[in-house]
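**Q** The structure that follows is given in the form of structure tokens.
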Amino acid sequence: MKPSPFAGLSALLFVAGAAVAAPPKTAAPTPTAPAPKPAAKPAPKPKLPAGVVATVNGTPITAKLIDARLWRKGGQSETDTEVNKTIVRLEAKKRGIKITKAQVQQEYDLQKQKFISSPGRQPGDWDKFVERYGKPDLMDDMEIQVLATRIGEAEAAKAKLTPAEVKAADDQVERESNQVHARHILVGIGDQFGGRTDADAQKRIAEVQAKLKAGGKWEDLAKEYSDDSTNKDRGGDLGFFSHGQMVPEFENAAFSMKKDEITPNAVKTQFGYHLIQVLEVKNTPVTAADKKKSEDEALKRKRESAKSPGVWFQKLRASYKIQTRMPFE
């Protein structure tokens, strides 16, 4: 358990020594050299019975009572922490990982810099933190951090893509090479659109089509008619999208069209009726180098993830035999 930051508070509550009455005033004496004061003797430590940490008017407070309270309040947490730290040390030893005091000090300096550069920190906050936490405990934690980093690096180094992950990376580059840039005007159906019926929606779509045919601007009609509140004010522009990003009916229509083409008939989806215009078509042949680049990027992401203790520690912990018993159980 870490020491309480209020451990010194009692010194502010009690004043040692009794008040001394002021002596009656007399004539000022002739100054003389003051006699040297004898050195103060340290107060003798109280003699208490074995197992007693304090008494109040003779009533004992036992170490057993304090220990039990400390165990109940934080024993499980502290035990789990020490178990995890022991696992890290044992695993590092098993893997032949060794670190130096200089590496631990470097981690300490790094954490100190992060601490003092945080918003709101005041001069002296770090020293107070170290005093409260305990320098030996803090350096112990820094050592564990360095060891965990080295284990994470070892885990990352052996990470490889599975066949499924390779396929996913290849599929990703295929999708990115085959994209459509489109915009739409949506006329919704149902209660969320004022109870609009299918017939009402088709009639509204027909109005849009007639105005487009008469020379109306797509952007103006989108603002007036479209129920896609996210995109209507920018002409219903959806940007580029790949296969699998839109509902099937919408996707099939968009990917079957040419640049500048508008759907002759509105496309019906679960959202309502869409008029779609394709603005650009991107269909670039995929090379082996493109796939290799995509796979390399996927592997890099996997290795970065593998470094995190959140990825490897629980699996590692399960390989160790751990037995615990709390004193208060």
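Residues are referred to by chain and number: the chain letter is A, B, ... according to the order shown in the structure tokens, the number counts from 1 in that chain, and ligands are numbered separately from 1 in the order shown.
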For the strand (DSSP E or B) assignment from backbone DSSP, which residues of stretch 220-323 of chain A qualify? Please present them as a list in words.
**A**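 These are the residues in question: Asp237, Leu238, Gly239, Phe240, Phe241, Ser242, Ile262, Val267, Lys268, Thr269, Gly272, Tyr273, His274, Leu275, Ile276, Gln277, Val278, Leu279, Glu280, Val281, Lys282 and Asn283 of chain A.
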**Q** How about saving the chosen residues, N, CA, C and O atoms kept, as an mmCIF file, in the first residue's frame?
**A**
data_model
loop_
_atom_site.group_PDB
_atom_site.id
_atom_site.type_symbol
_atom_site.label_atom_id
_atom_site.label_comp_id
_atom_site.auth_asym_id
_atom_site.auth_seq_id
_atom_site.Cartn_x
_atom_site.Cartn_y
_atom_site.Cartn_z
ATOM 1 N N ASP A 237 -23.558 14.808 -52.382
ATOM 2 C CA ASP A 237 -22.265 14.215 -52.760
ATOM 3 C C ASP A 237 -21.831 13.186 -51.716
ATOM 4 O O ASP A 237 -21.679 13.496 -50.534
ATOM 5 N N LEU A 238 -21.612 11.954 -52.161
ATOM 6 C CA LEU A 238 -21.199 10.855 -51.274
ATOM 7 C C LEU A 238 -19.711 10.584 -51.339
ATOM 8 O O LEU A 238 -19.207 9.712 -50.613
ATOM 9 N N GLY A 239 -18.993 11.303 -52.212
ATOM 10 C CA GLY A 239 -17.564 11.051 -52.365
ATOM 11 C C GLY A 239 -17.308 9.716 -53.030
ATOM 12 O O GLY A 239 -18.205 9.077 -53.583
ATOM 13 N N PHE A 240 -16.060 9.252 -52.967
ATOM 14 C CA PHE A 240 -15.710 7.944 -53.528
ATOM 15 C C PHE A 240 -16.114 6.846 -52.550
ATOM 16 O O PHE A 240 -15.965 6.989 -51.336
ATOM 17 N N PHE A 241 -16.582 5.739 -53.042
ATOM 18 C CA PHE A 241 -16.857 4.569 -52.209
ATOM 19 C C PHE A 241 -16.531 3.307 -52.990
ATOM 20 O O PHE A 241 -16.545 3.280 -54.220
ATOM 21 N N SER A 242 -16.218 2.256 -52.237
ATOM 22 C CA SER A 242 -15.832 0.974 -52.815
ATOM 23 C C SER A 242 -16.961 -0.025 -52.681
ATOM 24 O O SER A 242 -17.978 0.239 -52.027
ATOM 25 N N ILE A 262 -26.947 9.475 -65.154
ATOM 26 C CA ILE A 262 -27.960 9.532 -64.100
ATOM 27 C C ILE A 262 -28.895 8.347 -64.274
ATOM 28 O O ILE A 262 -29.266 8.002 -65.407
ATOM 29 N N VAL A 267 -33.765 4.281 -57.908
ATOM 30 C CA VAL A 267 -33.392 3.000 -57.303
ATOM 31 C C VAL A 267 -34.012 2.923 -55.911
ATOM 32 O O VAL A 267 -33.808 3.812 -55.074
ATOM 33 N N LYS A 268 -34.766 1.850 -55.654
ATOM 34 C CA LYS A 268 -35.408 1.707 -54.355
ATOM 35 C C LYS A 268 -34.535 0.884 -53.410
ATOM 36 O O LYS A 268 -34.042 -0.189 -53.758
ATOM 37 N N THR A 269 -34.341 1.420 -52.191
ATOM 38 C CA THR A 269 -33.628 0.704 -51.131
ATOM 39 C C THR A 269 -34.477 0.763 -49.867
ATOM 40 O O THR A 269 -35.603 1.272 -49.881
ATOM 41 N N GLY A 272 -35.657 4.381 -49.186
ATOM 42 C CA GLY A 272 -36.594 5.073 -50.056
ATOM 43 C C GLY A 272 -36.124 4.999 -51.497
ATOM 44 O O GLY A 272 -35.489 4.024 -51.914
ATOM 45 N N TYR A 273 -36.413 6.048 -52.253
ATOM 46 C CA TYR A 273 -36.040 6.094 -53.667
ATOM 47 C C TYR A 273 -34.863 7.046 -53.870
ATOM 48 O O TYR A 273 -34.857 8.162 -53.347
ATOM 49 N N HIS A 274 -33.889 6.600 -54.694
ATOM 50 C CA HIS A 274 -32.687 7.391 -54.948
ATOM 51 C C HIS A 274 -32.567 7.693 -56.444
ATOM 52 O O HIS A 274 -32.670 6.784 -57.278
ATOM 53 N N LEU A 275 -32.304 8.937 -56.751
ATOM 54 C CA LEU A 275 -31.774 9.290 -58.061
ATOM 55 C C LEU A 275 -30.266 9.390 -57.890
ATOM 56 O O LEU A 275 -29.785 10.078 -56.969
ATOM 57 N N ILE A 276 -29.508 8.696 -58.720
ATOM 58 C CA ILE A 276 -28.058 8.620 -58.567
ATOM 59 C C ILE A 276 -27.386 9.203 -59.807
ATOM 60 O O ILE A 276 -27.785 8.894 -60.933
ATOM 61 N N GLN A 277 -26.364 9.993 -59.582
ATOM 62 C CA GLN A 277 -25.509 10.449 -60.675
ATOM 63 C C GLN A 277 -24.066 10.085 -60.357
ATOM 64 O O GLN A 277 -23.566 10.393 -59.272
ATOM 65 N N VAL A 278 -23.406 9.419 -61.302
ATOM 66 C CA VAL A 278 -21.993 9.058 -61.148
ATOM 67 C C VAL A 278 -21.143 10.202 -61.672
ATOM 68 O O VAL A 278 -21.304 10.643 -62.817
ATOM 69 N N LEU A 279 -20.248 10.698 -60.843
ATOM 70 C CA LEU A 279 -19.387 11.829 -61.214
ATOM 71 C C LEU A 279 -18.027 11.374 -61.731
ATOM 72 O O LEU A 279 -17.453 12.000 -62.621
ATOM 73 N N GLU A 280 -17.502 10.306 -61.155
ATOM 74 C CA GLU A 280 -16.199 9.777 -61.585
ATOM 75 C C GLU A 280 -16.181 8.270 -61.382
ATOM 76 O O GLU A 280 -16.859 7.738 -60.496
ATOM 77 N N VAL A 281 -15.386 7.609 -62.194
ATOM 78 C CA VAL A 281 -15.197 6.162 -62.066
ATOM 79 C C VAL A 281 -13.700 5.893 -61.988
ATOM 80 O O VAL A 281 -12.934 6.344 -62.847
ATOM 81 N N LYS A 282 -13.298 5.197 -60.948
ATOM 82 C CA LYS A 282 -11.893 4.841 -60.773
ATOM 83 C C LYS A 282 -11.758 3.329 -60.923
ATOM 84 O O LYS A 282 -12.290 2.570 -60.115
ATOM 85 N N ASN A 283 -11.069 2.908 -61.945
ATOM 86 C CA ASN A 283 -10.889 1.477 -62.194
ATOM 87 C C ASN A 283 -9.455 1.244 -62.650
ATOM 88 O O ASN A 283 -9.157 1.161 -63.842
#
**Q** Tell me which protein, DNA and RNA residues are within 12 Å of stretch 87-102 of chain A, counting only C-alpha atoms, leaving out same-chain ones fewer than 2 positions away, and put them as an MDAnalysis selection string.
**A** chainID A and resid 80:85 104:109 139:155 309 312:322
**Q** Please, which residues of stretch 96-329 of chain A, numbered as in this document, come out alpha helix (DSSP H) from DSSP, as a ChimeraX atom specification?
**A** /A:101-116,125-133,135-157,163-177,198-213,218-225,248-255,288-306,309-317
**Q** Figure out the distance between atom CA of A:Val180 and atom CA of A:Met257, please, to one decimal in Å.
**A**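 Atom CA of A:Val180 lies 9.2 Å from atom CA of A:Met257.
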**Q** Tell me which protein, DNA and RNA residues are within 9 Å of stretch 203-219 of chain A, counting only C-alpha atoms, leaving out same-chain ones fewer than 5 positions away, and put them as JSON, numbers by chain.
**A** {"A": [185, 186, 187, 198, 224, 225, 232, 233, 234, 235, 236, 264, 266, 273, 274, 275]}
**Q** Hey, which of A:Lys114, A:Lys158, A:Lys259, A:Arg196 ends up closest to A:Glu304? Count only C-alpha atoms.
**A** A:Lys158
**Q** Pick out the closest residue to A:Ala201 from this set: A:Arg72, A:Phe271, A:Gly120, A:Ala168. Count only C-alpha atoms.
**A**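 Closest to A:Ala201, using only C-alpha atoms: A:Phe271.
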**Q** So what do you get for atom CA of A:Gln122 versus atom CA of A:Gln103, distance-wise?
**A**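 Between atom CA of A:Gln122 and atom CA of A:Gln103 the gap is 27.1 Å.
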**Q** Taking only C-alpha atoms into account, name the residue in A:Phe115, A:Ser177, A:Ala156, A:Leu221 that is nearest to A:Arg301.
**A**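 Answer, going by the shortest atom-to-atom distance: A:Ala156.
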**Q** Taking only C-alpha atoms into account, which of A:Lys64, A:Ala54, A:His181, A:Leu48 comes nearest A:Glu251?
**A**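 For A:Glu251, the nearest of the candidates is A:His181.
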**Q** Identify, on the basis of only C-alpha atoms, every residue whose closest approach to A:Pro60 does not exceed 10 Å; exclude the query and any residue fewer than 5 positions from it along the same chain; express the result as a list in words.
**A**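 Counting only C-alpha atoms, the residues come to Leu48, Pro49, Gly51, Val52, Val53, Ala54 and Thr55 of chain A.
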**Q** Please write the residues from the selection above to a file, keeping all heavy atoms, as a CSV table (one decimal), in the first residue's frame.
**A**
chain,number,residue,atom,x,y,z
A,48,LEU,N,5.9,-0.9,23.9
A,48,LEU,CA,4.5,-1.5,23.7
A,48,LEU,C,4.7,-3.0,23.7
A,48,LEU,O,5.7,-3.5,23.3
A,48,LEU,CB,3.9,-0.9,22.4
A,48,LEU,CG,3.7,0.6,22.4
A,48,LEU,CD1,3.1,1.0,21.0
A,48,LEU,CD2,2.7,1.0,23.5
A,49,PRO,N,3.6,-3.7,24.0
A,49,PRO,CA,3.6,-5.1,24.0
A,49,PRO,C,3.8,-5.6,22.5
A,49,PRO,O,3.5,-4.9,21.6
A,49,PRO,CB,2.2,-5.5,24.5
A,49,PRO,CG,1.8,-4.3,25.3
A,49,PRO,CD,2.4,-3.1,24.6
A,51,GLY,N,3.3,-7.0,19.0
A,51,GLY,CA,2.1,-7.0,18.2
A,51,GLY,C,1.2,-5.8,18.3
A,51,GLY,O,0.1,-5.7,17.7
A,52,VAL,N,1.5,-4.8,19.2
A,52,VAL,CA,0.7,-3.6,19.4
A,52,VAL,C,1.4,-2.4,18.8
A,52,VAL,O,2.6,-2.2,19.0
A,52,VAL,CB,0.5,-3.3,20.9
A,52,VAL,CG1,-0.2,-2.0,21.1
A,52,VAL,CG2,-0.3,-4.5,21.5
A,53,VAL,N,0.7,-1.7,17.9
A,53,VAL,CA,1.3,-0.5,17.2
A,53,VAL,C,1.0,0.8,17.9
A,53,VAL,O,1.6,1.8,17.7
A,53,VAL,CB,0.9,-0.5,15.7
A,53,VAL,CG1,1.4,-1.7,15.0
A,53,VAL,CG2,-0.6,-0.4,15.6
A,54,ALA,N,-0.1,0.8,18.7
A,54,ALA,CA,-0.4,2.0,19.4
A,54,ALA,C,-1.4,1.7,20.6
A,54,ALA,O,-2.0,0.6,20.6
A,54,ALA,CB,-1.1,3.0,18.5
A,55,THR,N,-1.4,2.6,21.6
A,55,THR,CA,-2.4,2.5,22.7
A,55,THR,C,-3.0,3.8,22.9
A,55,THR,O,-2.4,4.9,22.6
A,55,THR,CB,-1.7,2.0,24.0
A,55,THR,OG1,-0.8,3.0,24.4
A,55,THR,CG2,-1.0,0.7,23.8
